[in-house]
Amino acid sequence: MGRPKALVLLAGKPLVARVVEAARRVAEDIVVVTKRPMVAEIRAAVPRRTRVLADERDVQSPLAGLVTGARALDAEYVAFLACDLPLIVPEVLAALFMRVEGANAAIPRWPDGKIEPMAAVYHRERAREAAVVALDAGRLANADMIAGLERVRFVPVDELRAADPGLDSFVNVNAPADLGDAERRLAGE
């Protein structure tokens, strides 16, 4: 993308700011976790009242961010969101928070079995513990944390269409072509 993904602009707004704004419509306490050198830039890019923290672990894994963020929050359940999902719909998050009750995670799953672990809701403490165990063992994938959780509720993405008919919430912006797709979706094409 030519620069840190979180700061790439979509319709004039950084990707991370779009994710924070969607999350803010569902939760009051928002924490963004990034690598230490990026803290000041991310802080300048997100809405005020958003805490921006540096990863506690110097490892290239989203689980490091989950551990830091979970430690900073108090809620029983937390959304774990990637900065490159700029079209996430707050109603999808609300639906996942409703479905996680009694479980340790509510994770969207596609018909082919692929999951959206970074557009999901987790029991804060149990997910943090599972992430720590995975990281301590040198396992860095989201799936490694999920494997350490009991009572994971996989939510078929089709059940989320009432909140997000086009499932735009799961449009991941990893390349310039993805950015163009996201811009077209924002424009309603």
# chains A, B, ... in the order shown; residues from 1 in each chain; ligands from 1

$ residues_around --residues "segment 120-132 of chain A" --least-positions-apart "3" --cutoff "6 Å" --atoms "only C-alpha atoms" --output "list in words"
Leu63, Val67, Ala70, Glu76, Tyr77, Val78, Ala79, Phe80, Asn104, Ala105, Ala106, Ile107, Pro117, Leu135, Asp136, Met145 and Gly148 of chain A

$ select_by_dssp --residues "segment 35-104 of chain A" --states "helix (DSSP H, G or I)" --output "MDAnalysis selection string"
chainID A and resid 36:45 62:72 90:100

$ write_last_selection --atoms "C-alpha atoms" --output "tab-separated table (two decimals), in the first residue's frame"
chain	number	residue	atom	x	y	z
A	36	ARG	CA	5.46	1.60	19.31
A	37	PRO	CA	6.83	3.72	16.40
A	38	MET	CA	3.27	4.24	15.08
A	39	VAL	CA	1.57	5.40	18.30
A	40	ALA	CA	1.76	9.16	17.62
A	41	GLU	CA	0.58	8.84	14.01
A	42	ILE	CA	-2.32	6.56	14.93
A	43	ARG	CA	-3.31	8.82	17.82
A	44	ALA	CA	-3.49	11.75	15.38
A	45	ALA	CA	-5.61	9.71	12.95
A	62	PRO	CA	-2.31	-9.66	15.81
A	63	LEU	CA	-2.46	-11.68	19.02
A	64	ALA	CA	0.03	-9.25	20.56
A	65	GLY	CA	-2.49	-6.46	20.00
A	66	LEU	CA	-5.28	-8.53	21.48
A	67	VAL	CA	-3.25	-9.18	24.63
A	68	THR	CA	-2.44	-5.48	25.09
A	69	GLY	CA	-5.97	-4.32	24.29
A	70	ALA	CA	-7.66	-6.92	26.48
A	71	ARG	CA	-5.46	-5.96	29.41
A	72	ALA	CA	-6.48	-2.30	29.01
A	90	PRO	CA	-21.90	-1.34	13.76
A	91	GLU	CA	-25.03	-3.50	13.56
A	92	VAL	CA	-22.85	-6.51	12.67
A	93	LEU	CA	-20.82	-5.89	15.81
A	94	ALA	CA	-24.02	-5.54	17.84
A	95	ALA	CA	-25.28	-8.85	16.43
A	96	LEU	CA	-22.02	-10.57	17.37
A	97	PHE	CA	-22.18	-9.16	20.90
A	98	MET	CA	-25.70	-10.60	21.19
A	99	ARG	CA	-24.59	-14.01	19.93
A	100	VAL	CA	-21.52	-14.33	22.17

$ atom_distance --atom1 "atom CA of Met1 of chain A" --atom2 "atom CA of Ala175 of chain A"
5.7 Å

$ residues_around --residues "Ala182 of chain A" --least-positions-apart "5" --cutoff "8 Å" --atoms "only C-alpha atoms" --output "number ranges by chain"
A: 10, 86-87, 171, 173

$ residues_around --residues "Ala103 of chain A" --least-positions-apart "4" --cutoff "8 Å" --atoms "only C-alpha atoms" --output "PyMOL selection string"
chain A and resi 123+150-153

$ atom_distance --atom1 "atom CA of Asp112 of chain A" --atom2 "atom CA of Ile88 of chain A"
20.9 Å

$ closest_residue --among "A:Val157, A:Leu149, A:Leu140, A:Ala23" --to "Asp58 of chain A" --atoms "only C-alpha atoms"
A:Leu140

$ select_by_dssp --residues "segment 22-187 of chain A" --states "strand (DSSP E)" --output "list of chain:residue names"
A:Val31, A:Val32, A:Val33, A:Thr34, A:Arg51, A:Val52, A:Leu53, A:Ala54, A:Tyr77, A:Val78, A:Ala79, A:Phe80, A:Leu81, A:Ala105, A:Ala106, A:Ile107, A:Pro108, A:Arg109, A:Ala119, A:Ala120, A:Val121, A:Tyr122, A:His123, A:Val152, A:Arg153, A:Phe154, A:Val155, A:Pro156

$ residues_around --residues "segment 46-51 of chain A" --least-positions-apart "2" --cutoff "8 Å" --atoms "only C-alpha atoms" --output "PyMOL selection string"
chain A and resi 14+16-17+20-21+29-32+42-44+53

$ closest_residue --among "A:Ala82, A:Val33, A:Leu73, A:Val155" --to "Arg57 of chain A" --atoms "only C-alpha atoms"
A:Val33
